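Structure file entry_20.txt (compact mmCIF, C-alpha atoms and all ligand atoms) is printed below.
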```txt
# COMPACT_ATOMS: atom_id res chain seq x y z
CA MET P 1 -6.35 38.52 -26.73
CA ARG P 2 -6.03 39.41 -23.03
CA THR P 3 -7.53 38.05 -19.81
CA GLN P 4 -6.79 38.26 -16.10
CA VAL P 5 -5.91 34.59 -15.42
CA VAL P 6 -5.07 31.88 -17.97
CA ILE P 7 -5.83 28.42 -16.57
CA ILE P 8 -3.97 25.56 -18.26
CA GLY P 9 -5.85 22.28 -17.75
CA GLY P 10 -9.57 21.49 -17.59
CA GLY P 11 -9.57 18.85 -14.86
CA PRO P 12 -11.07 19.44 -11.42
CA SER P 13 -8.29 21.87 -10.32
CA GLY P 14 -8.62 24.18 -13.31
CA LEU P 15 -12.40 24.05 -13.42
CA LEU P 16 -12.87 24.66 -9.69
CA LEU P 17 -10.39 27.55 -9.74
CA GLY P 18 -12.14 29.06 -12.76
CA GLN P 19 -15.55 28.83 -11.12
CA LEU P 20 -14.40 30.38 -7.84
CA LEU P 21 -12.62 33.23 -9.65
CA HIS P 22 -15.69 33.86 -11.78
CA ALA P 23 -17.83 33.99 -8.65
CA HIS P 24 -15.65 36.92 -7.55
CA GLY P 25 -15.63 38.70 -10.90
CA ILE P 26 -12.18 37.58 -12.03
CA GLU P 27 -12.00 36.68 -15.72
CA THR P 28 -10.29 33.50 -16.90
CA VAL P 29 -9.62 31.64 -20.12
CA LEU P 30 -9.21 27.88 -19.67
CA LEU P 31 -7.10 25.83 -22.10
CA GLU P 32 -7.73 22.05 -22.23
CA ARG P 33 -5.69 19.66 -24.38
CA ARG P 34 -8.48 17.10 -24.80
CA THR P 35 -12.20 17.23 -25.57
CA ARG P 36 -14.71 17.61 -22.76
CA ASP P 37 -15.98 14.05 -23.36
CA TYR P 38 -12.43 12.66 -23.14
CA VAL P 39 -11.90 14.38 -19.79
CA LEU P 40 -15.25 13.09 -18.53
CA GLY P 41 -14.30 9.56 -19.64
CA ARG P 42 -11.63 9.31 -16.95
CA ILE P 43 -12.66 7.24 -13.90
CA ARG P 44 -10.65 8.45 -10.91
CA ALA P 45 -11.34 9.60 -7.37
CA GLY P 46 -14.42 8.89 -5.34
CA VAL P 47 -14.13 10.49 -1.89
CA LEU P 48 -14.52 14.23 -1.18
CA GLU P 49 -13.38 15.93 2.02
CA ALA P 50 -15.71 18.44 3.65
CA GLY P 51 -13.32 21.22 2.55
CA PHE P 52 -13.80 20.26 -1.09
CA VAL P 53 -17.58 20.20 -0.63
CA GLY P 54 -17.37 23.67 0.93
CA LEU P 55 -15.48 25.02 -2.10
CA LEU P 56 -18.06 23.54 -4.48
CA GLU P 57 -20.78 25.22 -2.38
CA GLU P 58 -18.89 28.54 -2.56
CA ALA P 59 -18.65 28.09 -6.33
CA GLY P 60 -22.38 27.37 -6.51
CA VAL P 61 -21.76 23.88 -7.93
CA ALA P 62 -22.82 21.58 -5.06
CA GLY P 63 -26.51 21.03 -5.91
CA ARG P 64 -26.28 17.60 -7.54
CA LEU P 65 -23.60 16.49 -5.09
CA HIS P 66 -25.99 17.15 -2.19
CA ARG P 67 -28.77 15.30 -4.02
CA GLU P 68 -26.76 12.32 -5.24
CA GLY P 69 -23.61 12.15 -3.10
CA PHE P 70 -23.35 9.64 -0.27
CA ARG P 71 -22.43 10.92 3.20
CA HIS P 72 -20.03 8.43 4.83
CA ALA P 73 -19.59 8.69 8.61
CA GLY P 74 -16.75 6.17 8.69
CA THR P 75 -14.89 3.36 6.95
CA GLN P 76 -14.10 -0.33 7.45
CA ILE P 77 -10.58 -1.73 7.69
CA ALA P 78 -10.32 -5.47 6.94
CA PHE P 79 -7.42 -7.28 8.56
CA ASP P 80 -6.62 -10.82 9.69
CA GLY P 81 -9.96 -12.24 8.55
CA GLY P 82 -12.07 -9.62 10.35
CA MET P 83 -13.07 -5.95 10.00
CA PHE P 84 -13.07 -2.91 12.29
CA HIS P 85 -14.82 0.41 11.88
CA ILE P 86 -13.31 3.88 12.16
CA ASP P 87 -15.97 6.39 13.11
CA PHE P 88 -15.04 9.64 11.34
CA GLU P 89 -18.11 11.52 12.54
CA GLY P 90 -17.87 10.30 16.13
CA LEU P 91 -14.15 11.11 16.32
CA THR P 92 -14.05 14.40 14.38
CA GLY P 93 -17.65 15.53 13.91
CA THR P 94 -17.02 15.42 10.14
CA PRO P 95 -18.11 12.94 7.45
CA VAL P 96 -16.77 12.54 3.92
CA VAL P 97 -18.90 12.46 0.77
CA VAL P 98 -18.66 9.70 -1.84
CA TYR P 99 -19.28 11.34 -5.22
CA GLY P 100 -17.16 10.45 -8.24
CA GLN P 101 -14.58 12.86 -9.65
CA THR P 102 -16.22 12.35 -13.03
CA GLU P 103 -19.47 13.84 -11.66
CA VAL P 104 -17.61 16.74 -9.99
CA THR P 105 -15.91 17.50 -13.31
CA ARG P 106 -19.20 17.24 -15.21
CA ASP P 107 -20.90 19.66 -12.79
CA LEU P 108 -18.00 22.10 -13.08
CA TYR P 109 -18.04 22.03 -16.89
CA ASP P 110 -21.80 22.61 -16.89
CA ALA P 111 -21.38 25.54 -14.49
CA ARG P 112 -18.56 27.06 -16.53
CA GLU P 113 -20.63 26.86 -19.69
CA LYS P 114 -23.62 28.37 -17.93
CA VAL P 115 -21.70 31.50 -16.90
CA GLY P 116 -20.19 31.80 -20.37
CA ALA P 117 -16.58 31.58 -19.21
CA ARG P 118 -14.23 30.90 -22.12
CA THR P 119 -12.86 27.36 -22.53
CA GLU P 120 -10.69 26.28 -25.45
CA PHE P 121 -10.61 22.51 -26.08
CA GLU P 122 -8.16 20.45 -28.12
CA VAL P 123 -5.35 22.94 -27.75
CA ASP P 124 -1.79 21.90 -28.63
CA HIS P 125 1.73 23.24 -28.06
CA VAL P 126 0.75 25.31 -25.04
CA GLU P 127 3.72 27.45 -24.08
CA ILE P 128 4.22 29.78 -21.12
CA HIS P 129 6.12 33.01 -21.75
CA GLY P 130 7.43 35.70 -19.39
CA ALA P 131 6.12 34.06 -16.22
CA ASP P 132 9.07 35.56 -14.30
CA GLY P 133 8.19 39.05 -15.50
CA ASP P 134 5.20 41.40 -15.10
CA ALA P 135 3.61 40.73 -18.50
CA PRO P 136 3.26 36.98 -19.00
CA HIS P 137 1.48 35.44 -21.94
CA VAL P 138 0.54 32.00 -23.18
CA THR P 139 0.63 30.73 -26.77
CA TYR P 140 -1.10 27.66 -28.12
CA VAL P 141 -2.14 26.04 -31.39
CA GLN P 142 -5.74 25.17 -32.09
CA GLY P 143 -7.14 24.01 -35.42
CA GLY P 144 -3.74 24.58 -36.99
CA ARG P 145 -3.62 28.27 -35.96
CA GLU P 146 -1.38 29.84 -33.32
CA HIS P 147 -3.01 31.97 -30.63
CA LYS P 148 -1.60 34.30 -27.96
CA ILE P 149 -3.22 35.33 -24.68
CA ALA P 150 -1.71 38.12 -22.58
CA CYS P 151 -2.62 37.87 -18.91
CA ASP P 152 -1.81 38.90 -15.35
CA PHE P 153 -1.35 35.37 -14.00
CA ILE P 154 -1.10 31.75 -15.20
CA ALA P 155 -2.54 28.81 -13.21
CA GLY P 156 -0.81 25.53 -14.13
CA CYS P 157 -3.59 22.98 -13.53
CA ASP P 158 -2.47 20.57 -16.26
CA GLY P 159 -1.72 17.49 -14.19
CA PHE P 160 1.41 15.40 -13.78
CA HIS P 161 2.15 15.19 -17.51
CA GLY P 162 1.39 18.83 -18.30
CA VAL P 163 3.72 21.64 -19.40
CA SER P 164 3.40 24.02 -16.46
CA ARG P 165 5.79 22.36 -14.01
CA GLN P 166 8.40 22.12 -16.79
CA ALA P 167 8.15 25.90 -17.29
CA ILE P 168 9.88 26.39 -13.93
CA PRO P 169 13.67 26.23 -14.53
CA LEU P 170 15.37 23.07 -13.25
CA GLY P 171 17.69 25.26 -11.19
CA VAL P 172 14.67 26.63 -9.33
CA ARG P 173 12.69 23.39 -8.94
CA ARG P 174 13.31 20.71 -6.28
CA GLU P 175 11.46 17.43 -6.85
CA TYR P 176 10.79 14.61 -4.37
CA GLU P 177 9.52 11.22 -5.58
CA LYS P 178 8.79 7.71 -4.38
CA ILE P 179 7.63 5.03 -6.85
CA TYR P 180 5.67 2.13 -5.32
CA PRO P 181 6.47 -1.45 -6.49
CA PHE P 182 2.86 -2.19 -7.42
CA GLY P 183 -0.22 -0.68 -9.08
CA TRP P 184 -3.98 -0.65 -8.54
CA LEU P 185 -6.20 -2.58 -10.92
CA GLY P 186 -9.59 -0.92 -10.72
CA ILE P 187 -12.96 -1.90 -12.16
CA LEU P 188 -16.33 -0.23 -12.33
CA SER P 189 -19.35 -2.58 -12.34
CA GLU P 190 -23.09 -2.01 -12.46
CA THR P 191 -23.59 -4.04 -9.28
CA PRO P 192 -24.79 -3.01 -5.81
CA PRO P 193 -21.91 -2.12 -3.44
CA VAL P 194 -20.97 -4.98 -1.12
CA HIS P 195 -21.12 -2.73 1.97
CA ASP P 196 -22.57 0.68 2.78
CA GLU P 197 -19.08 1.91 3.73
CA LEU P 198 -15.72 1.62 1.98
CA ILE P 199 -13.63 -1.41 2.93
CA TYR P 200 -9.82 -1.03 2.87
CA ALA P 201 -8.37 -4.57 3.08
CA ASN P 202 -4.92 -5.75 4.09
CA SER P 203 -4.49 -9.39 3.05
CA ALA P 204 -1.52 -11.71 2.60
CA ARG P 205 -2.38 -11.76 -1.12
CA GLY P 206 -2.28 -7.97 -1.38
CA PHE P 207 -4.38 -4.85 -0.90
CA ALA P 208 -8.03 -4.56 -1.94
CA LEU P 209 -10.55 -1.73 -1.75
CA CYS P 210 -14.33 -1.98 -2.02
CA SER P 211 -15.80 1.40 -2.97
CA MET P 212 -18.82 2.71 -4.84
CA ARG P 213 -20.34 5.51 -6.93
CA ASN P 214 -24.03 4.94 -6.12
CA GLU P 215 -26.36 2.14 -4.99
CA LYS P 216 -26.11 0.50 -8.42
CA LEU P 217 -22.50 1.27 -9.34
CA SER P 218 -19.51 -0.24 -7.52
CA ARG P 219 -15.81 0.56 -7.74
CA TYR P 220 -13.31 -2.12 -6.68
CA TYR P 221 -9.51 -2.18 -6.67
CA ILE P 222 -6.87 -4.85 -6.08
CA GLN P 223 -3.13 -4.35 -5.77
CA CYS P 224 -1.42 -5.77 -8.86
CA ALA P 225 2.08 -6.15 -10.29
CA LEU P 226 3.50 -3.18 -12.20
CA SER P 227 4.04 -5.56 -15.12
CA ASP P 228 0.31 -6.34 -15.30
CA SER P 229 -2.01 -4.86 -17.89
CA PRO P 230 -5.82 -4.76 -17.68
CA GLU P 231 -6.01 -7.34 -20.49
CA ASP P 232 -4.20 -9.84 -18.21
CA TRP P 233 -7.22 -9.84 -15.92
CA SER P 234 -10.55 -11.34 -17.01
CA ASP P 235 -13.56 -10.22 -14.98
CA THR P 236 -13.74 -13.74 -13.51
CA ALA P 237 -10.10 -13.62 -12.42
CA PHE P 238 -10.63 -10.18 -10.86
CA TRP P 239 -13.69 -11.23 -8.85
CA GLN P 240 -11.99 -14.44 -7.68
CA GLU P 241 -8.94 -12.52 -6.46
CA LEU P 242 -11.00 -9.82 -4.79
CA LYS P 243 -12.98 -12.49 -2.88
CA ARG P 244 -9.70 -13.99 -1.66
CA ARG P 245 -8.58 -10.63 -0.25
CA VAL P 246 -11.67 -9.62 1.73
CA PRO P 247 -13.21 -11.30 4.82
CA GLU P 248 -15.38 -14.35 4.13
CA GLU P 249 -18.55 -12.55 5.26
CA ILE P 250 -17.89 -9.93 2.54
CA ALA P 251 -16.83 -12.40 -0.17
CA GLU P 252 -20.10 -14.29 0.34
CA LYS P 253 -22.18 -11.11 -0.16
CA LEU P 254 -20.23 -9.78 -3.14
CA VAL P 255 -22.44 -9.30 -6.21
CA THR P 256 -20.27 -9.71 -9.30
CA GLY P 257 -20.98 -8.61 -12.86
CA PRO P 258 -19.30 -7.44 -16.07
CA SER P 259 -16.78 -4.60 -15.75
CA ILE P 260 -17.76 -1.43 -17.60
CA GLU P 261 -14.33 0.08 -17.01
CA LYS P 262 -11.03 -1.61 -16.15
CA SER P 263 -7.71 0.22 -15.70
CA ILE P 264 -4.42 0.09 -13.85
CA ALA P 265 -3.07 3.14 -12.02
CA PRO P 266 0.61 3.20 -11.07
CA LEU P 267 1.29 4.54 -7.55
CA ARG P 268 3.74 7.29 -6.76
CA SER P 269 4.36 10.01 -4.20
CA PHE P 270 5.65 13.19 -5.81
CA VAL P 271 6.06 16.83 -4.82
CA THR P 272 7.69 19.72 -6.66
CA GLU P 273 8.81 22.86 -4.80
CA PRO P 274 8.18 25.75 -5.10
CA MET P 275 4.63 25.82 -6.51
CA ARG P 276 5.06 29.40 -7.70
CA TRP P 277 7.46 30.97 -10.15
CA GLY P 278 6.77 34.66 -10.75
CA ARG P 279 3.27 34.90 -12.18
CA LEU P 280 2.90 31.10 -12.67
CA PHE P 281 1.15 29.09 -9.93
CA LEU P 282 1.00 25.27 -9.97
CA CYS P 283 -2.16 23.56 -8.68
CA GLY P 284 -3.13 19.92 -8.09
CA ASP P 285 -1.44 17.05 -9.89
CA ALA P 286 0.79 19.50 -11.79
CA ALA P 287 2.63 19.95 -8.48
CA HIS P 288 2.04 16.77 -6.47
CA ILE P 289 0.85 13.18 -6.63
CA VAL P 290 -0.15 10.79 -3.84
CA PRO P 291 -0.93 7.07 -3.91
CA PRO P 292 -4.77 6.95 -3.98
CA THR P 293 -4.88 4.91 -0.74
CA GLY P 294 -5.80 7.90 1.42
CA ALA P 295 -8.12 9.49 -1.20
CA LYS P 296 -6.01 12.67 -1.05
CA GLY P 297 -5.20 13.39 -4.71
CA LEU P 298 -8.32 15.26 -5.63
CA ASN P 299 -8.63 16.72 -2.13
CA THR P 300 -5.17 18.30 -2.07
CA ALA P 301 -5.94 19.78 -5.50
CA ALA P 302 -8.92 21.43 -3.77
CA SER P 303 -6.85 22.95 -0.97
CA ASP P 304 -4.38 24.35 -3.53
CA VAL P 305 -7.34 25.98 -5.29
CA HIS P 306 -8.51 27.40 -1.97
CA TYR P 307 -5.16 29.09 -1.28
CA LEU P 308 -4.75 30.30 -4.86
CA HIS P 309 -8.20 31.73 -5.38
CA THR P 310 -8.13 33.59 -2.06
CA GLY P 311 -4.69 35.00 -2.94
CA LEU P 312 -5.86 36.14 -6.37
CA ARG P 313 -9.01 37.69 -4.90
CA ALA P 314 -6.97 39.66 -2.34
CA PHE P 315 -4.73 40.88 -5.17
CA TYR P 316 -7.57 42.09 -7.37
CA GLU P 317 -9.91 43.33 -4.63
CA ALA P 318 -7.42 44.94 -2.25
CA SER P 319 -4.05 45.03 -4.10
CA GLU P 320 -2.72 42.72 -1.38
CA HIS P 321 0.21 40.44 -2.36
CA GLU P 322 0.62 38.35 0.81
CA GLY P 323 -1.81 35.60 -0.25
CA LEU P 324 0.05 35.04 -3.51
CA ASP P 325 3.47 35.48 -1.91
CA ARG P 326 2.64 32.79 0.69
CA TYR P 327 0.71 30.48 -1.69
CA SER P 328 3.51 27.95 -2.17
CA GLU P 329 4.42 27.86 1.53
CA LYS P 330 0.80 27.37 2.67
CA ALA P 331 -0.13 24.84 -0.02
CA LEU P 332 3.02 22.76 0.56
CA ALA P 333 2.52 22.68 4.34
CA ARG P 334 -0.82 20.87 3.85
CA ILE P 335 0.40 18.80 0.88
CA TRP P 336 3.31 17.25 2.81
CA LYS P 337 0.92 16.15 5.58
CA ALA P 338 -1.30 14.52 2.96
CA GLU P 339 1.77 12.89 1.40
CA ARG P 340 2.73 11.49 4.79
CA PHE P 341 -0.76 10.09 5.49
CA SER P 342 -1.06 8.56 2.00
CA TRP P 343 2.41 6.98 2.27
CA TRP P 344 1.74 5.65 5.79
CA PHE P 345 -1.73 4.27 4.91
CA SER P 346 -0.26 2.61 1.80
CA SER P 347 2.50 1.04 3.93
CA LEU P 348 -0.17 -0.30 6.28
CA LEU P 349 -2.24 -2.11 3.65
CA HIS P 350 -0.07 -3.30 0.76
CA GLN P 351 2.25 -6.30 0.45
CA TYR P 352 5.72 -5.10 -0.54
CA PRO P 353 7.90 -7.49 -2.60
CA ASP P 354 10.99 -6.77 -0.46
CA GLN P 355 9.11 -6.98 2.85
CA SER P 356 11.07 -8.97 5.48
CA GLU P 357 9.37 -11.13 8.12
CA PHE P 358 10.14 -8.37 10.62
CA ASP P 359 8.60 -5.70 8.31
CA LEU P 360 5.48 -7.85 8.12
CA LYS P 361 5.28 -8.06 11.91
CA MET P 362 5.63 -4.27 12.14
CA GLN P 363 2.82 -3.82 9.58
CA GLN P 364 0.55 -6.17 11.51
CA ALA P 365 1.33 -4.44 14.81
CA ASP P 366 0.64 -1.05 13.17
CA ILE P 367 -2.80 -2.19 12.02
CA ALA P 368 -3.54 -3.83 15.39
CA PHE P 369 -2.61 -0.54 17.10
CA LEU P 370 -5.03 1.33 14.79
CA ARG P 371 -7.72 -1.23 15.59
CA ASP P 372 -7.18 -1.06 19.38
CA ASN P 373 -6.18 2.53 20.15
CA ALA P 374 -8.65 5.43 20.26
CA ALA P 375 -5.97 8.11 19.88
CA GLN P 376 -4.60 6.43 16.74
CA GLN P 377 -8.12 6.15 15.33
CA LYS P 378 -8.72 9.86 16.01
CA ALA P 379 -5.49 10.77 14.24
CA PHE P 380 -6.46 8.54 11.32
CA ALA P 381 -9.95 10.09 11.14
CA GLU P 382 -8.60 13.66 11.26
CA ASN P 383 -6.30 12.91 8.32
CA TYR P 384 -8.90 11.05 6.30
CA VAL P 385 -11.70 13.65 6.62
CA GLY P 386 -9.16 16.34 5.78
CA LEU P 387 -6.78 18.47 7.84
CA PRO P 388 -7.71 22.17 8.14
CA TYR P 389 -6.95 24.50 5.19
P1 LIG D 1 -5.91 16.23 -13.84
O1 LIG D 1 -4.79 15.37 -14.34
O2 LIG D 1 -7.19 15.60 -13.41
O3 LIG D 1 -6.32 17.30 -14.97
C1 LIG D 1 -5.32 17.94 -15.74
C2 LIG D 1 -5.96 18.35 -17.06
O4 LIG D 1 -4.98 19.07 -17.82
C3 LIG D 1 -6.39 17.14 -17.90
O5 LIG D 1 -7.73 17.29 -18.32
C4 LIG D 1 -5.41 17.16 -19.08
O6 LIG D 1 -6.02 16.73 -20.28
C5 LIG D 1 -5.04 18.64 -19.16
N1 LIG D 1 -3.73 18.89 -19.74
C6 LIG D 1 -2.60 18.18 -19.59
N2 LIG D 1 -1.59 18.75 -20.29
C7 LIG D 1 -2.12 19.86 -20.89
C8 LIG D 1 -1.59 20.87 -21.74
N3 LIG D 1 -0.32 20.85 -22.11
N4 LIG D 1 -2.42 21.85 -22.17
C9 LIG D 1 -3.73 21.88 -21.78
N5 LIG D 1 -4.29 20.95 -20.98
C10 LIG D 1 -3.48 19.96 -20.54
N6 LIG D 1 -7.27 10.60 -6.47
C11 LIG D 1 -8.03 10.20 -5.43
O7 LIG D 1 -8.21 10.97 -4.48
N7 LIG D 1 -8.60 8.93 -5.43
C12 LIG D 1 -8.42 8.05 -6.49
O8 LIG D 1 -8.93 6.94 -6.49
C13 LIG D 1 -7.65 8.45 -7.60
N8 LIG D 1 -7.47 7.61 -8.67
C14 LIG D 1 -6.68 8.03 -9.72
C15 LIG D 1 -6.47 7.21 -10.85
C16 LIG D 1 -5.65 7.64 -11.92
C17 LIG D 1 -5.42 6.74 -13.13
C18 LIG D 1 -5.04 8.90 -11.87
C19 LIG D 1 -4.13 9.37 -13.00
C20 LIG D 1 -5.25 9.73 -10.76
C21 LIG D 1 -6.08 9.31 -9.69
N9 LIG D 1 -6.32 10.13 -8.59
C22 LIG D 1 -7.09 9.74 -7.53
C23 LIG D 1 -5.79 11.43 -8.52
C24 LIG D 1 -6.68 12.32 -9.35
O9 LIG D 1 -7.99 12.26 -8.87
C25 LIG D 1 -6.09 13.70 -9.29
O10 LIG D 1 -5.73 14.07 -7.97
C26 LIG D 1 -6.99 14.75 -9.88
O11 LIG D 1 -7.34 14.34 -11.17
C27 LIG D 1 -6.23 16.07 -9.87
O12 LIG D 1 -6.90 16.94 -10.67
P2 LIG D 1 -6.09 17.98 -11.58
O13 LIG D 1 -5.03 18.62 -10.76
O14 LIG D 1 -7.14 18.83 -12.21
O15 LIG D 1 -5.32 17.13 -12.66
C1 LIG D 2 -12.67 5.38 -5.31
O1 LIG D 2 -13.85 5.20 -4.99
O2 LIG D 2 -12.28 5.46 -6.49
C2 LIG D 2 -11.63 5.51 -4.21
C3 LIG D 2 -12.05 5.64 -2.89
C4 LIG D 2 -11.10 5.77 -1.89
C5 LIG D 2 -9.76 5.72 -2.21
C6 LIG D 2 -9.34 5.58 -3.55
C7 LIG D 2 -10.29 5.47 -4.55
O3 LIG D 2 -8.83 5.83 -1.23
```
Show me this structure written as structure tokens.
Amino acid sequence: MRTQVVIIGGGPSGLLLGQLLHAHGIETVLLERRTRDYVLGRIRAGVLEAGFVGLLEEAGVAGRLHREGFRHAGTQIAFDGGMFHIDFEGLTGTPVVVYGQTEVTRDLYDAREKVGARTEFEVDHVEIHGADGDAPHVTYVQGGREHKIACDFIAGCDGFHGVSRQAIPLGVRREYEKIYPFGWLGILSETPPVHDELIYANSARGFALCSMRNEKLSRYYIQCALSDSPEDWSDTAFWQELKRRVPEEIAEKLVTGPSIEKSIAPLRSFVTEPMRWGRLFLCGDAAHIVPPTGAKGLNTAASDVHYLHTGLRAFYEASEHEGLDRYSEKALARIWKAERFSWWFSSLLHQYPDQSEFDLKMQQADIAFLRDNAAQQKAFAENYVGLPY
């Protein structure tokens, strides 16, 4: 079998890339390790930058998002018993859209099926061959049979635990990592959101986040110990702790209910360089991870897809190589700024086990400066709504 681009990984990166390439007549085959339902069962990101929305529009997959997504003009930061608002739209002219990653992925799968693009589910033993030459191919096992796909290019969109990053020789790869000494315990509940905007809370007991999926579905997170497991936390214990970490006026309004999903996400910052090796291009979590504090994970996957699909288009439409040759450089330039913002915002809101009294004073002064200074709020807003591609 032969195709133009093999995409490894059927999460948002791989699906969005496949849809954009299809829209410009470039053929792909997408290989996904799990079933579609398994992929759609993951509850992850919730906030989309305008750049991501623009790519979904370009791919013709933004209809439901515009009908059901929530436009957020700003966010609330809770600190020292009170809350202050950061006005994204007033400071940057740009809102963000709250629309769950699960729904984005569902829309992209539906769109891929509709155009008849080839997707292979439940593939095993995916291997990349000849990426550093001019005739790469990918092999995989499905239903007990081995398959081979010759191609022009390979897009490694298979997430942090995928095989693509490992295909780049250790002598070529440089990796940068920071592991955070805590995790996020998240729940989904069929309750009305406690506020019409997200609330990021710094409290002496630890970080909390009040988010949502729609007017009847709420998403809440609390910072937890790395040693915790979801089973350690009853719904009652979660709600009690969340109420202790948000301002009283919010705790009083909080509508609690049974969790329909409960999970713990570890937090790390991670980047691998370069994001290209010959005819292999890494995209999204395969190349980088951010703590979810700044809602950048999904959104940096989108900017990678932007750079990669425009580079591939220029190659096929005009035999230009510059877009592909500069892919890694351009993607990393934006990724490192998102890594910085996510690391800084995490340092602002979480309680760190080794935090000294002085560190705590610095954290409180940093938040107070964000609360009181218009220039700092503008810088925050520009990062949160998404820096330019
Ligand atoms: P993904 O990991 O989503 O997709 C990779 C796909 O590749 C998966 O479907 C996997 O099954 C498949 N795959 C893996 N190995 C393969 C192989 N060998 N062969 C074929 N397929 C293979 N980001 C935010 O912005 N906000 C959040 O709140 C947030 N919460 C998160 C919570 C968790 C638990 C995790 C893990 C991540 C979270 N993220 C969040 C980040 C997340 O949204 C990612 O940025 C986003 O899923 C990136 O999409 P992909 O790059 O497509 O990777
Ligand atoms: C979410 O709704 O899941 C969400 C929102 C904002 C974040 C992280 C997660 O920063």
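Only residues having an atom at most 12 Å from (6.6, 37.8, -21.3) are included; using only C-alpha atoms, these are Glu127, Ile128, His129, Gly130, Ala131, Asp132, Gly133, Asp134, Ala135, Pro136, His137, Val138, Thr139, Lys148, Ile149, Ala150, Cys151, Asp152, Phe153, Ile154, Gly278, Arg279 and Leu280 of chain P.
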Atom pair atom O6 of ligand LIG 1 (chain D) / CA of Glu103 in chain P: separation (Å): 16.2 Å
Shell of 7 Å around ligand LIG 1 (chain D) (only C-alpha atoms and all ligand atoms), written as a PyMOL selection string: chain P and resi 8-14+31-34+39+43-47+101+123-126+157-163+264-265+283-286+289+292+295-299+301
Can I get the selection written as a compact mmCIF listing (two decimals), keeping the file's coordinate frame, with C-alpha atoms?
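See selection-v8.txt below for the written result:
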```
# COMPACT_ATOMS: atom_id res chain seq x y z
CA ILE P 8 -3.97 25.56 -18.26
CA GLY P 9 -5.85 22.28 -17.75
CA GLY P 10 -9.57 21.49 -17.59
CA GLY P 11 -9.57 18.85 -14.86
CA PRO P 12 -11.07 19.44 -11.42
CA SER P 13 -8.29 21.87 -10.32
CA GLY P 14 -8.62 24.18 -13.31
CA LEU P 31 -7.10 25.83 -22.10
CA GLU P 32 -7.73 22.05 -22.23
CA ARG P 33 -5.69 19.66 -24.38
CA ARG P 34 -8.48 17.10 -24.80
CA VAL P 39 -11.90 14.38 -19.79
CA ILE P 43 -12.66 7.24 -13.90
CA ARG P 44 -10.65 8.45 -10.91
CA ALA P 45 -11.34 9.60 -7.37
CA GLY P 46 -14.42 8.89 -5.34
CA VAL P 47 -14.13 10.49 -1.89
CA GLN P 101 -14.58 12.86 -9.65
CA VAL P 123 -5.35 22.94 -27.75
CA ASP P 124 -1.79 21.90 -28.63
CA HIS P 125 1.73 23.24 -28.06
CA VAL P 126 0.75 25.31 -25.04
CA CYS P 157 -3.59 22.98 -13.53
CA ASP P 158 -2.47 20.57 -16.26
CA GLY P 159 -1.72 17.49 -14.19
CA PHE P 160 1.41 15.40 -13.78
CA HIS P 161 2.15 15.19 -17.51
CA GLY P 162 1.39 18.83 -18.30
CA VAL P 163 3.72 21.64 -19.40
CA ILE P 264 -4.42 0.09 -13.85
CA ALA P 265 -3.07 3.14 -12.02
CA CYS P 283 -2.16 23.56 -8.68
CA GLY P 284 -3.13 19.92 -8.09
CA ASP P 285 -1.44 17.05 -9.89
CA ALA P 286 0.79 19.50 -11.79
CA ILE P 289 0.85 13.18 -6.63
CA PRO P 292 -4.77 6.95 -3.98
CA ALA P 295 -8.12 9.49 -1.20
CA LYS P 296 -6.01 12.67 -1.05
CA GLY P 297 -5.20 13.39 -4.71
CA LEU P 298 -8.32 15.26 -5.63
CA ASN P 299 -8.63 16.72 -2.13
CA ALA P 301 -5.94 19.78 -5.50
```
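With only C-alpha atoms as the atoms that count, the minimum distance from Ile367 in chain P to the choices P:Leu40, P:His306, P:Gly60, P:Ala78 is reached by P:Ala78.
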Within 10 Å of ligand LIG 2 (chain D), counting only C-alpha atoms and all ligand atoms, residues as a ChimeraX atom specification: /P:43-48,75,98-101,184,186-188,198-200,209-213,218-221,291-298,342,345-346,384
Can you tell me, as a JSON list (two decimals) with C-alpha atoms, keeping the file's coordinate frame, which residues sit within 8 Å of (-6.3, 21.9, -33.1) in the file's frame, using only C-alpha atoms?
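out_18.json was written with the following content:
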```json
[["chain", "number", "residue", "atom", "x", "y", "z"],
["P", 122, "GLU", "CA", -8.16, 20.45, -28.12],
["P", 123, "VAL", "CA", -5.35, 22.94, -27.75],
["P", 124, "ASP", "CA", -1.79, 21.90, -28.63],
["P", 141, "VAL", "CA", -2.14, 26.04, -31.39],
["P", 142, "GLN", "CA", -5.74, 25.17, -32.09],
["P", 143, "GLY", "CA", -7.14, 24.01, -35.42],
["P", 144, "GLY", "CA", -3.74, 24.58, -36.99],
["P", 145, "ARG", "CA", -3.62, 28.27, -35.96]]
```
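Of the residues under consideration (P:Gly41, P:Pro258, P:Pro230, P:Pro95), P:Pro95 shows the shortest atom-to-atom contact distance to Glu197 in chain P when counting all atoms listed in the file.
Among P:Tyr176, P:Phe207, P:Trp344, P:Tyr38, the residue with the shortest atom-to-atom distance to Arg106 in chain P, counting all atoms listed in the file, is P:Tyr38.
Minimum atom-to-atom distance to Thr102 in chain P, evaluated using all atoms listed in the file, belongs to P:Asp37 out of P:Arg313, P:Gly183, P:Glu49, P:Asp37.
Using all atoms listed in the file, the shortest contact distance between Asp325 in chain P and any of P:Gly93, P:Leu349, P:Trp277, P:Leu370 is found at P:Trp277.
Each of P:Ala365, P:Ala155, P:Leu108, P:Ala381 was checked against Asp304 in chain P using only C-alpha atoms; the smallest atom-to-atom distance is that of P:Ala155.
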